[in-house]
Amino acid sequence: MNISKNWLDSYIDLSGLSTQEIADMLTFAGIEVEGLQERGVNTDLVVVAQVMQKTPVEGSDHLNVCMVDAGEGKMRQIVCGASNYKVGDKVPCALPGAVLPGGWEIKEGKMMGQASCGMLCSASELGMPDKEHGLWILPQDYAIGTPVRQFTQTDTLFELEITPNRPDLLSHWGMARELAGISGRTLKQDPAPEYADTITAGDSIRLSAPEICPLYTATRICGVKIAPSPEWLAQRLIAVGLRPINNVVDITNYCLFELGHPLHAFDAAKVQGPLNIRCAREGEQFTSLMDETYSLLPDDLVISDSTDNALALAGVMGGKDSGVTDATTDIILESAWFLPSAVRRTSRRLGLGSDSSYRFERGASAWNVLRAAARAVQLILECCGGKAEPIAVAGQAPCLVPEQKAVNATVLQQGSQAKVFCALQHVSLNWKELDVMTRGSVPHMEAARILKNLGLRESSAGEWDCPPWRLDLVRSCDLLEEIVRVYGISNIPSSSTSIYVPESRQDRAHDFRTELSRRLAGAGLCEVQTFKLIAEQSSDPTIAALPYALPMKPLQGGDTIRVALPLSEDHSILRPSLSPGLLAVAARNLNQGAEVLRFFECGRIFRNTGGGKGKDIEAEVLGILIVGKLAPTSWAQLKQPVAAPEHLLALLELTAPKATISLSPSKQNREAAALAADIHINGQNCGFFARVAPAICRTLGIPTDCYYAELDLRKLQQIATTPFKVRDLPLYPGSGRDASIEAPASLHHADILKAIESAKQKLLVSCHLKEVFRDPSGQKLPADRKAMTYSFLYRDSAKTLTAAEVDAAHSTVLQAISGKLPDTKLR
């Protein structure tokens with residue numbers, strides 16, 4: 001929410017406090033200040049200048065060289081790209097050395113070879129709203145050389161993040177009231193009138209859904225004149241980011257940001273008969289002020305008339321057919337209270353948000369209903385003319401607190417016939433709890449003063465009546481928090497109450513993931529975090545390909561978990577794998593020119609089992625994706641090797657350094673993987689390894705092969721943290737032998753290893769494939785054959801082997817190969 005300092009000054013004296021001091025005061029009181037934005041000109045180096053000459057820059061279709069008179073006794077050359085000015089116009093000129101809003105310092109320079117000694121400015125470049133597209137054209141009676149700051153008003157905009165439990169702060173009066181409570185300064189006069197003439201609505205208003213709208217008021221004002229808003233009103237709205245429309249609409253928006261309660265104005269000529277606040281019919285159509293049509297449900301609340309047409313969507317937005325236009329002469333001003341959950345449900349389902357729904361969703365106070373109506377009527381009569389009838393009141397303000405703790409406050413507004421009460425919260429304050437919480441550092445008198453400054457009233461010793469705008473104060477601990485918040489946590493002595501907590505399973509899992517991330521990052525991988533929600537179907541081919549990308553087990557119909565109310569179709573299902581997000585990251589980085597893509601992510605995946613008929617599964621997994629070159633291109637090596645399966649296998653060894661990792665072919669995920677294998681760590685199936693199908697790579701715009709692995713973190717942690725035995729280094733040397741095996745080209749290395757293992761030779765320590773030779777021409781070796789050279793190492797832990805013993809052991813291994821694989825020949 002944006003708060004204007006100039007607007008705040010209308011309600012509380014902030015003199016003597018700098019902008020940063022006010023921001024710090026709000027921050028320490030629990031109100032997050034997201035940013036400060038300076039508006040207006042704060043330097044004398046921005047002056048009124050007159051354009052004396054304008055010459056196009058050769059070779060440019062929009063730049064002009066301007067000679068301007070800035071009151072210096074000589075012409076100043078400035079290059080300008082705007083097009084809305086002419087010779088003789090007076091415009092703001094920022095001289096070298098001027099610092100514009102946002103910290104932008106003006107310096108002399110060149111543009112397309114032309115010297116530019118300053119800058120001609122638009123209003124937005126000076127921190128003010130643009131009144132035209134391009135330069136700010138100043139009135140001709142402004143004297144040349146006069147600082148522009150003399151004609152402008154400076155302001156500071158506070159960008160605040162208000163927590164959902166404090167809807168009372170969503171207005172300038174509410175924020176002024178909070179600052180008064182924090183700083184102890186006195187508020188100025190309440191902008192809302194103290195009295196408003198009210199009558200009972202009778203048959204003119206019908207509350208057909210009192211459980212959603214228990215209180216509704218309407219005021220008819222006849223003879224209004226629709227026109228642009230006065231300058232002061234338009235400037236207030238522009239300051240907080242709103243665009244002025246006309247005086248009536250602007251006043252309703254002004255009251256919203258002044259008092260925090262939404263209002264709406266109907267064109268009375270477009271309203272037939274009494275107003276009916278009712279639930280929508282199934283499939284009823286509503287066209288908003290934004291000229292968009294929505295299909296409604298019985299959960300939605302609408303304002304209609306005797307024609308039964310929806311004039312407005314209650315608490316969210318007005319309708320197109322009943323809005324105020326230039327031809328409007330009579331209006332009906334609405335001020336009401338709607339159930340927050342109902343407004344929130346409608347706004348979320350339709351994706352239709354507004355400043356009104358933002359406040360109703362958070363619980364606008366019913367205490368403000370008549371105050372806001374009275375204030376709007378007052379401003380409309382001042383700015384638009386006309387004559388107002390008494391405010392028609394239907395229903396009663398809701399009681400939002402338990403009856404045994406509620407107190408009837410002063411009448412909200414009392415007219416000749418209608419009275420509206422508001423139940424206040426009655427809270428008991430336990431002073432002993434305050435002493436325990438603050439270690440006796442907050443005097444009780446000071447605590448009572450803080451509560452009174454915040455608007456609370458002490459009814460008896462330790463008993464407090466909370467103000468009607470503070471609906472969040474319902475328990476004793478709430479009052480204690482308010483006291484500590486305003487008194488200042490930094491003013492309370494610190495104490496250590498921490499105790500030893502044994503390491504939990506969650507702690508061990510967190511430590512394991514952290515160490516694993518450090519290990520992979522040290523190997524050159526980048527850690528990423530992607531969305532847990534992905535698209536199920538989409539017109540975007542990039543997004544549409546992702547859900548088919550590589551879940552750990554093949555997906556059946558109904559296996560994916562769909563969100564009940566997705567924000568968009570591109571975020572409609574919970575990811576069954578990390579691969580969609582990682583592939584999207586790879587595609588995005590390739591589009592930005594990245595060459596080396598090595599990513600990993602630790603995150604959760606979700607799926608049903610048995611086609612949606614089983615239980616839901618939520619698992620922590622590790623995903624690793626490598627794409628492209630192994631290193632950036634450099635002068636030392638212009639052609640870098642690209643990622644291959646063995647590079648990903650080497651990374652897998654980092655995840656469990658002391659374990660045995662093997663792969664077994666898998667026929668799963670054939671539509672997404674050109675090559676797939678299950679990953680076995682110490683004989684346990686822990687995940688899968690795959691080369692992404694070329695069709696998916698092409699869809700995503702990835703020109704090279706993608707290799708992806710996904711591991712179950714729970715299983716990986718169990719294996720990696722299993723204690724292992726350390727063996728001493730061998731005391732006796734080993735002896736090596738080589739063997740060349742001629743085999744069919746289709747024979748796999750894994751088959752030869754199985755044959756070697758079948759020999760069960762105890763002296764054999766290791767076996768490595770050293771070289772593979774093939775001759776496609778068939779001259780040295782038949783084209784359908786290959787020669788594979790293996791190196792064998794033999795050792796006995798108890799003695800030094802003799803040559804005869806090594807030869808005998810080696811002969812046993814070779815015989816096993818020949819016996820198991822008759823198509824092979826030993827060379």
# chains A, B, ... in the order shown; residues from 1 in each chain; ligands from 1

$ residues_around --residues "Gly386 of chain A" --least-positions-apart "3" --cutoff "9 Å" --atoms "only C-alpha atoms" --output "NGL selection string"
:A and (221-225 or 329-330 or 380-382)

$ write_last_selection --atoms "N, CA, C and O atoms" --output "PDB file, in the first residue's frame"
ATOM      1  N   ILE A 221     -28.309  11.303  -3.874  1.00  0.00           N
ATOM      2  CA  ILE A 221     -27.882  12.697  -4.012  1.00  0.00           C
ATOM      3  C   ILE A 221     -28.326  13.168  -5.389  1.00  0.00           C
ATOM      4  O   ILE A 221     -27.913  12.608  -6.409  1.00  0.00           O
ATOM      5  N   CYS A 222     -29.168  14.182  -5.424  1.00  0.00           N
ATOM      6  CA  CYS A 222     -29.753  14.666  -6.680  1.00  0.00           C
ATOM      7  C   CYS A 222     -29.073  15.960  -7.121  1.00  0.00           C
ATOM      8  O   CYS A 222     -28.648  16.766  -6.291  1.00  0.00           O
ATOM      9  N   GLY A 223     -28.999  16.138  -8.434  1.00  0.00           N
ATOM     10  CA  GLY A 223     -28.492  17.380  -9.005  1.00  0.00           C
ATOM     11  C   GLY A 223     -26.987  17.532  -8.981  1.00  0.00           C
ATOM     12  O   GLY A 223     -26.496  18.667  -8.949  1.00  0.00           O
ATOM     13  N   VAL A 224     -26.250  16.431  -9.010  1.00  0.00           N
ATOM     14  CA  VAL A 224     -24.789  16.542  -9.015  1.00  0.00           C
ATOM     15  C   VAL A 224     -24.315  16.913 -10.410  1.00  0.00           C
ATOM     16  O   VAL A 224     -24.977  16.620 -11.412  1.00  0.00           O
ATOM     17  N   LYS A 225     -23.170  17.544 -10.483  1.00  0.00           N
ATOM     18  CA  LYS A 225     -22.568  17.918 -11.766  1.00  0.00           C
ATOM     19  C   LYS A 225     -21.268  17.144 -11.930  1.00  0.00           C
ATOM     20  O   LYS A 225     -20.310  17.342 -11.183  1.00  0.00           O
ATOM     21  N   THR A 329     -26.797  12.742 -13.377  1.00  0.00           N
ATOM     22  CA  THR A 329     -27.226  13.898 -12.571  1.00  0.00           C
ATOM     23  C   THR A 329     -27.608  13.490 -11.146  1.00  0.00           C
ATOM     24  O   THR A 329     -27.473  14.294 -10.230  1.00  0.00           O
ATOM     25  N   ASP A 330     -28.091  12.281 -10.981  1.00  0.00           N
ATOM     26  CA  ASP A 330     -28.456  11.778  -9.651  1.00  0.00           C
ATOM     27  C   ASP A 330     -27.656  10.497  -9.393  1.00  0.00           C
ATOM     28  O   ASP A 330     -27.492   9.663 -10.290  1.00  0.00           O
ATOM     29  N   ILE A 380     -18.967  15.243  -1.801  1.00  0.00           N
ATOM     30  CA  ILE A 380     -19.746  15.341  -3.050  1.00  0.00           C
ATOM     31  C   ILE A 380     -20.521  16.650  -3.088  1.00  0.00           C
ATOM     32  O   ILE A 380     -20.581  17.338  -4.125  1.00  0.00           O
ATOM     33  N   LEU A 381     -21.115  17.024  -1.981  1.00  0.00           N
ATOM     34  CA  LEU A 381     -21.861  18.294  -1.955  1.00  0.00           C
ATOM     35  C   LEU A 381     -20.922  19.476  -2.165  1.00  0.00           C
ATOM     36  O   LEU A 381     -21.308  20.479  -2.779  1.00  0.00           O
ATOM     37  N   GLU A 382     -19.678  19.382  -1.665  1.00  0.00           N
ATOM     38  CA  GLU A 382     -18.731  20.477  -1.832  1.00  0.00           C
ATOM     39  C   GLU A 382     -18.196  20.546  -3.258  1.00  0.00           C
ATOM     40  O   GLU A 382     -18.047  21.642  -3.810  1.00  0.00           O
TER      41      GLU A 382
END

$ residues_around --residues "Ala644 of chain A" --least-positions-apart "4" --cutoff "10 Å" --atoms "only C-alpha atoms" --output "VMD selection string"
chain A and resid 626 to 630 648 to 649 691 705 to 707

$ write_last_selection --atoms "N, CA, C and O atoms" --output "PDB file, in the first residue's frame"
ATOM      1  N   ILE A 626      22.467 -32.224 -16.797  1.00  0.00           N
ATOM      2  CA  ILE A 626      23.632 -31.650 -17.478  1.00  0.00           C
ATOM      3  C   ILE A 626      23.325 -31.552 -18.963  1.00  0.00           C
ATOM      4  O   ILE A 626      22.796 -32.469 -19.572  1.00  0.00           O
ATOM      5  N   VAL A 627      23.648 -30.399 -19.534  1.00  0.00           N
ATOM      6  CA  VAL A 627      23.373 -30.103 -20.943  1.00  0.00           C
ATOM      7  C   VAL A 627      24.536 -29.275 -21.470  1.00  0.00           C
ATOM      8  O   VAL A 627      25.114 -28.462 -20.741  1.00  0.00           O
ATOM      9  N   GLY A 628      24.867 -29.444 -22.723  1.00  0.00           N
ATOM     10  CA  GLY A 628      25.815 -28.563 -23.385  1.00  0.00           C
ATOM     11  C   GLY A 628      27.261 -28.903 -23.128  1.00  0.00           C
ATOM     12  O   GLY A 628      27.620 -30.036 -22.807  1.00  0.00           O
ATOM     13  N   LYS A 629      28.117 -27.888 -23.220  1.00  0.00           N
ATOM     14  CA  LYS A 629      29.562 -28.082 -23.116  1.00  0.00           C
ATOM     15  C   LYS A 629      29.976 -28.300 -21.669  1.00  0.00           C
ATOM     16  O   LYS A 629      29.284 -27.916 -20.734  1.00  0.00           O
ATOM     17  N   LEU A 630      31.152 -28.918 -21.509  1.00  0.00           N
ATOM     18  CA  LEU A 630      31.674 -29.155 -20.166  1.00  0.00           C
ATOM     19  C   LEU A 630      32.356 -27.923 -19.597  1.00  0.00           C
ATOM     20  O   LEU A 630      32.486 -27.782 -18.384  1.00  0.00           O
ATOM     21  N   LEU A 648      27.631 -37.625 -16.149  1.00  0.00           N
ATOM     22  CA  LEU A 648      26.575 -37.675 -15.146  1.00  0.00           C
ATOM     23  C   LEU A 648      26.814 -38.819 -14.159  1.00  0.00           C
ATOM     24  O   LEU A 648      26.558 -38.686 -12.955  1.00  0.00           O
ATOM     25  N   LEU A 649      27.335 -39.934 -14.653  1.00  0.00           N
ATOM     26  CA  LEU A 649      27.647 -41.055 -13.755  1.00  0.00           C
ATOM     27  C   LEU A 649      28.712 -40.651 -12.740  1.00  0.00           C
ATOM     28  O   LEU A 649      28.663 -41.050 -11.569  1.00  0.00           O
ATOM     29  N   ARG A 691      18.542 -40.287 -20.733  1.00  0.00           N
ATOM     30  CA  ARG A 691      18.815 -39.273 -21.753  1.00  0.00           C
ATOM     31  C   ARG A 691      17.473 -38.825 -22.285  1.00  0.00           C
ATOM     32  O   ARG A 691      16.689 -39.636 -22.790  1.00  0.00           O
ATOM     33  N   ASP A 705      22.089 -33.032 -26.492  1.00  0.00           N
ATOM     34  CA  ASP A 705      21.531 -34.067 -25.622  1.00  0.00           C
ATOM     35  C   ASP A 705      21.452 -33.579 -24.179  1.00  0.00           C
ATOM     36  O   ASP A 705      22.334 -32.861 -23.702  1.00  0.00           O
ATOM     37  N   CYS A 706      20.374 -33.992 -23.496  1.00  0.00           N
ATOM     38  CA  CYS A 706      20.181 -33.692 -22.073  1.00  0.00           C
ATOM     39  C   CYS A 706      20.270 -34.998 -21.291  1.00  0.00           C
ATOM     40  O   CYS A 706      19.610 -35.984 -21.645  1.00  0.00           O
ATOM     41  N   TYR A 707      21.040 -35.009 -20.226  1.00  0.00           N
ATOM     42  CA  TYR A 707      21.154 -36.186 -19.368  1.00  0.00           C
ATOM     43  C   TYR A 707      20.636 -35.824 -17.984  1.00  0.00           C
ATOM     44  O   TYR A 707      21.028 -34.798 -17.408  1.00  0.00           O
TER      45      TYR A 707
END

$ closest_residue --among "A:Ala690, A:Cys117, A:Val585, A:Leu100" --to "Cys80 of chain A" --atoms "only C-alpha atoms"
A:Cys117

$ closest_residue --among "A:Asp478, A:Asp89, A:Glu258, A:Glu620" --to "His172 of chain A" --atoms "only C-alpha atoms"
A:Glu258

$ atom_distance --atom1 "atom CA of Lys188 of chain A" --atom2 "atom CA of Ile238 of chain A"
23.5 Å

$ residues_around --residues "Gly273 of chain A" --least-positions-apart "2" --cutoff "7 Å" --atoms "only C-alpha atoms" --output "compact mmCIF listing (two decimals) with N, CA, C and O atoms, in the first residue's frame"
# COMPACT_ATOMS: atom_id res chain seq x y z
N VAL A 271 -30.94 2.70 -12.05
CA VAL A 271 -31.41 1.80 -10.99
C VAL A 271 -32.92 1.87 -10.94
O VAL A 271 -33.50 2.94 -10.71
N LEU A 275 -33.27 -1.51 -4.07
CA LEU A 275 -32.05 -2.32 -4.19
C LEU A 275 -32.25 -3.65 -3.49
O LEU A 275 -32.87 -3.72 -2.42
N ASP A 305 -31.54 -4.58 -8.76
CA ASP A 305 -32.71 -3.73 -8.57
C ASP A 305 -33.96 -4.51 -8.94
O ASP A 305 -33.93 -5.75 -9.03
N SER A 306 -35.06 -3.83 -9.18
CA SER A 306 -36.32 -4.52 -9.46
C SER A 306 -36.27 -5.27 -10.78
O SER A 306 -37.08 -6.18 -11.00

$ closest_atom_pairs --of "segment 252-276 of chain A" --to "segment 308-320 of chain A" --cutoff "12 Å" --atoms "only C-alpha atoms" --output "JSON lines"
{"residue": "A:His261", "atom": "CA", "partner": "A:Gly315", "partner_atom": "CA", "distance": 10.4}
{"residue": "A:Pro262", "atom": "CA", "partner": "A:Gly315", "partner_atom": "CA", "distance": 7.7}
{"residue": "A:Leu263", "atom": "CA", "partner": "A:Gly315", "partner_atom": "CA", "distance": 8.8}
{"residue": "A:His264", "atom": "CA", "partner": "A:Gly318", "partner_atom": "CA", "distance": 7.2}
{"residue": "A:Ala265", "atom": "CA", "partner": "A:Gly318", "partner_atom": "CA", "distance": 8.4}
{"residue": "A:Phe266", "atom": "CA", "partner": "A:Leu311", "partner_atom": "CA", "distance": 8.2}
{"residue": "A:Asp267", "atom": "CA", "partner": "A:Leu311", "partner_atom": "CA", "distance": 10.1}
{"residue": "A:Ala268", "atom": "CA", "partner": "A:Leu311", "partner_atom": "CA", "distance": 11.2}
{"residue": "A:Lys270", "atom": "CA", "partner": "A:Leu311", "partner_atom": "CA", "distance": 9.0}
{"residue": "A:Val271", "atom": "CA", "partner": "A:Leu311", "partner_atom": "CA", "distance": 8.0}
{"residue": "A:Gln272", "atom": "CA", "partner": "A:Asp308", "partner_atom": "CA", "distance": 9.2}
{"residue": "A:Gly273", "atom": "CA", "partner": "A:Asp308", "partner_atom": "CA", "distance": 10.0}
{"residue": "A:Pro274", "atom": "CA", "partner": "A:Asp308", "partner_atom": "CA", "distance": 10.3}
{"residue": "A:Leu275", "atom": "CA", "partner": "A:Asp308", "partner_atom": "CA", "distance": 9.3}
{"residue": "A:Asn276", "atom": "CA", "partner": "A:Asp308", "partner_atom": "CA", "distance": 8.1}

$ write_last_selection --atoms "all heavy atoms" --output "tab-separated table (two decimals), in the first residue's frame"
chain	number	residue	atom	x	y	z
A	261	HIS	N	-12.55	2.54	4.11
A	261	HIS	CA	-13.76	1.76	3.84
A	261	HIS	C	-14.21	1.98	2.39
A	261	HIS	O	-14.35	3.11	1.93
A	261	HIS	CB	-14.89	2.17	4.79
A	261	HIS	CG	-16.01	1.18	4.81
A	261	HIS	ND1	-16.00	0.07	5.61
A	261	HIS	CD2	-17.17	1.11	4.09
A	261	HIS	CE1	-17.09	-0.64	5.42
A	261	HIS	NE2	-17.82	-0.03	4.50
A	262	PRO	N	-14.44	0.89	1.66
A	262	PRO	CA	-14.84	1.02	0.25
A	262	PRO	C	-16.26	1.59	0.10
A	262	PRO	O	-17.15	1.32	0.91
A	262	PRO	CB	-14.79	-0.43	-0.26
A	262	PRO	CG	-13.92	-1.16	0.71
A	262	PRO	CD	-14.17	-0.50	2.03
A	263	LEU	N	-16.43	2.36	-0.96
A	263	LEU	CA	-17.74	2.93	-1.32
A	263	LEU	C	-17.96	2.68	-2.81
A	263	LEU	O	-17.04	2.38	-3.56
A	263	LEU	CB	-17.77	4.44	-1.04
A	263	LEU	CG	-17.50	4.90	0.39
A	263	LEU	CD1	-17.28	6.40	0.42
A	263	LEU	CD2	-18.67	4.53	1.29
A	264	HIS	N	-19.22	2.84	-3.22
A	264	HIS	CA	-19.52	2.73	-4.65
A	264	HIS	C	-20.70	3.64	-4.98
A	264	HIS	O	-21.64	3.78	-4.17
A	264	HIS	CB	-19.87	1.29	-5.04
A	264	HIS	CG	-20.12	1.12	-6.52
A	264	HIS	ND1	-19.13	1.28	-7.45
A	264	HIS	CD2	-21.26	0.83	-7.21
A	264	HIS	CE1	-19.63	1.09	-8.66
A	264	HIS	NE2	-20.92	0.82	-8.54
A	265	ALA	N	-20.63	4.27	-6.16
A	265	ALA	CA	-21.68	5.19	-6.60
A	265	ALA	C	-22.38	4.62	-7.83
A	265	ALA	O	-21.71	4.24	-8.80
A	265	ALA	CB	-21.11	6.57	-6.90
A	266	PHE	N	-23.73	4.53	-7.77
A	266	PHE	CA	-24.54	4.11	-8.91
A	266	PHE	C	-25.15	5.35	-9.57
A	266	PHE	O	-25.45	6.34	-8.91
A	266	PHE	CB	-25.69	3.20	-8.46
A	266	PHE	CG	-25.26	1.92	-7.81
A	266	PHE	CD1	-25.26	1.79	-6.43
A	266	PHE	CD2	-24.86	0.84	-8.57
A	266	PHE	CE1	-24.88	0.61	-5.82
A	266	PHE	CE2	-24.48	-0.35	-7.98
A	266	PHE	CZ	-24.48	-0.45	-6.60
A	267	ASP	N	-25.34	5.27	-10.87
A	267	ASP	CA	-26.15	6.27	-11.57
A	267	ASP	C	-27.60	5.97	-11.25
A	267	ASP	O	-28.14	4.92	-11.63
A	267	ASP	CB	-25.90	6.18	-13.07
A	267	ASP	CG	-26.59	7.30	-13.84
A	267	ASP	OD1	-27.58	7.86	-13.33
A	267	ASP	OD2	-26.13	7.61	-14.96
A	268	ALA	N	-28.26	6.87	-10.51
A	268	ALA	CA	-29.62	6.61	-10.03
A	268	ALA	C	-30.60	6.38	-11.18
A	268	ALA	O	-31.58	5.65	-11.03
A	268	ALA	CB	-30.10	7.76	-9.15
A	270	LYS	N	-30.13	4.65	-13.71
A	270	LYS	CA	-30.00	3.28	-14.21
A	270	LYS	C	-30.42	2.25	-13.18
A	270	LYS	O	-30.26	1.05	-13.41
A	270	LYS	CB	-28.54	3.04	-14.62
A	270	LYS	CG	-28.06	3.99	-15.71
A	270	LYS	CD	-26.57	3.81	-16.00
A	270	LYS	CE	-26.09	4.81	-17.03
A	270	LYS	NZ	-24.62	4.71	-17.27
A	271	VAL	N	-30.94	2.70	-12.05
A	271	VAL	CA	-31.41	1.80	-10.99
A	271	VAL	C	-32.92	1.87	-10.94
A	271	VAL	O	-33.50	2.94	-10.71
A	271	VAL	CB	-30.81	2.17	-9.62
A	271	VAL	CG1	-31.34	1.24	-8.54
A	271	VAL	CG2	-29.29	2.13	-9.68
A	272	GLN	N	-33.58	0.74	-11.16
A	272	GLN	CA	-35.03	0.69	-11.20
A	272	GLN	C	-35.58	0.09	-9.90
A	272	GLN	O	-35.30	-1.06	-9.58
A	272	GLN	CB	-35.51	-0.16	-12.39
A	272	GLN	CG	-34.95	0.28	-13.73
A	272	GLN	CD	-35.38	1.68	-14.10
A	272	GLN	OE1	-36.53	2.08	-13.83
A	272	GLN	NE2	-34.48	2.44	-14.70
A	273	GLY	N	-36.30	0.88	-9.13
A	273	GLY	CA	-36.94	0.36	-7.93
A	273	GLY	C	-35.95	0.15	-6.79
A	273	GLY	O	-34.84	0.67	-6.80
A	274	PRO	N	-36.35	-0.64	-5.77
A	274	PRO	CA	-35.51	-0.84	-4.58
A	274	PRO	C	-34.29	-1.69	-4.90
A	274	PRO	O	-34.27	-2.50	-5.83
A	274	PRO	CB	-36.45	-1.56	-3.61
A	274	PRO	CG	-37.45	-2.25	-4.49
A	274	PRO	CD	-37.66	-1.35	-5.66
A	275	LEU	N	-33.27	-1.51	-4.07
A	275	LEU	CA	-32.05	-2.32	-4.19
A	275	LEU	C	-32.25	-3.65	-3.49
A	275	LEU	O	-32.87	-3.72	-2.42
A	275	LEU	CB	-30.86	-1.58	-3.57
A	275	LEU	CG	-30.41	-0.30	-4.28
A	275	LEU	CD1	-29.34	0.42	-3.45
A	275	LEU	CD2	-29.88	-0.60	-5.67
A	276	ASN	N	-31.73	-4.70	-4.08
A	276	ASN	CA	-31.83	-6.04	-3.50
A	276	ASN	C	-30.43	-6.63	-3.41
A	276	ASN	O	-29.75	-6.82	-4.42
A	276	ASN	CB	-32.73	-6.93	-4.38
A	276	ASN	CG	-32.94	-8.30	-3.77
A	276	ASN	OD1	-32.66	-8.51	-2.59
A	276	ASN	ND2	-33.42	-9.24	-4.56

$ atom_distance --atom1 "atom CA of Glu72 of chain A" --atom2 "atom CA of Glu132 of chain A"
27.4 Å

$ residues_around --residues "segment 150-152 of chain A" --least-positions-apart "3" --cutoff "10 Å" --atoms "only C-alpha atoms" --output "number ranges by chain"
A: 39-42, 44, 47, 126, 128, 138, 142, 146-147, 155

$ select_by_dssp --residues "segment 436-568 of chain A" --states "alpha helix (DSSP H)" --output "ChimeraX atom specification"
/A:436-438,444-453,476-487,505-522,541-545

$ closest_residue --among "A:Leu567, A:Val148, A:Leu454, A:Leu781" --to "Arg177 of chain A" --atoms "only C-alpha atoms"
A:Leu454

$ residues_around --residues "Asp472 of chain A" --least-positions-apart "6" --cutoff "10 Å" --atoms "only C-alpha atoms" --output "list of chain:residue names"
A:Pro164, A:Asn165, A:Arg166, A:Pro167, A:Asp168, A:Gly363, A:Gln425, A:Cys466, A:Asp478, A:Leu479

$ select_by_dssp --residues "segment 554-706 of chain A" --states "strand (DSSP E)" --output "PyMOL selection string"
chain A and resi 561-562+573-574+596-607+617-628+661-665+673-681+684-692+706

$ residues_around --residues "segment 229-235 of chain A" --least-positions-apart "5" --cutoff "9 Å" --atoms "only C-alpha atoms" --output "compact mmCIF listing (two decimals) with N, CA, C and O atoms, in the first residue's frame"
# COMPACT_ATOMS: atom_id res chain seq x y z
N VAL A 240 -0.92 8.39 -4.75
CA VAL A 240 -0.94 6.99 -4.32
C VAL A 240 -1.11 6.04 -5.50
O VAL A 240 -1.37 4.85 -5.32
N LEU A 242 -3.30 6.33 -8.29
CA LEU A 242 -4.60 6.19 -8.95
C LEU A 242 -4.76 7.23 -10.05
O LEU A 242 -4.21 8.33 -9.98
N ARG A 243 -5.55 6.88 -11.06
CA ARG A 243 -5.81 7.80 -12.17
C ARG A 243 -7.16 8.49 -11.94
O ARG A 243 -8.19 7.82 -11.78
N PRO A 244 -7.18 9.82 -11.88
CA PRO A 244 -8.47 10.52 -11.71
C PRO A 244 -9.42 10.22 -12.86
O PRO A 244 -9.01 10.14 -14.02
N ILE A 245 -10.72 10.05 -12.52
CA ILE A 245 -11.73 9.73 -13.53
C ILE A 245 -12.74 10.87 -13.63
O ILE A 245 -12.85 11.54 -14.65
N ASN A 246 -13.53 11.06 -12.61
CA ASN A 246 -14.41 12.22 -12.49
C ASN A 246 -14.62 12.49 -11.01
O ASN A 246 -14.23 11.68 -10.15
N ASN A 247 -15.25 13.62 -10.69
CA ASN A 247 -15.30 14.04 -9.29
C ASN A 247 -16.02 13.04 -8.38
O ASN A 247 -15.58 12.78 -7.25
N VAL A 248 -17.11 12.42 -8.84
CA VAL A 248 -17.85 11.50 -7.97
C VAL A 248 -17.04 10.24 -7.71
O VAL A 248 -16.86 9.80 -6.57
N ASP A 250 -13.86 9.82 -8.10
CA ASP A 250 -12.64 10.15 -7.37
C ASP A 250 -12.90 10.34 -5.88
O ASP A 250 -12.05 10.00 -5.05
N ILE A 251 -14.05 10.87 -5.52
CA ILE A 251 -14.36 11.05 -4.10
C ILE A 251 -14.53 9.71 -3.41
O ILE A 251 -14.08 9.52 -2.28
N TYR A 254 -11.11 8.51 -2.95
CA TYR A 254 -10.44 9.33 -1.94
C TYR A 254 -10.84 8.87 -0.54
O TYR A 254 -9.98 8.69 0.34
N CYS A 383 -17.92 19.42 -3.87
CA CYS A 383 -17.23 19.40 -5.17
C CYS A 383 -18.17 19.21 -6.35
O CYS A 383 -17.81 19.57 -7.48
N CYS A 384 -19.35 18.61 -6.12
CA CYS A 384 -20.23 18.30 -7.23
C CYS A 384 -21.58 19.01 -7.13
O CYS A 384 -22.39 18.91 -8.06

$ atom_distance --atom1 "atom CA of Leu675 of chain A" --atom2 "atom CA of Asp775 of chain A"
25.8 Å

$ closest_residue --among "A:Gln815, A:Phe689, A:Gly127, A:Val57" --to "Glu646 of chain A" --atoms "only C-alpha atoms"
A:Phe689

$ closest_residue --among "A:Met25, A:Leu17, A:Leu120, A:Ile696" --to "Met67 of chain A" --atoms "only C-alpha atoms"
A:Leu120
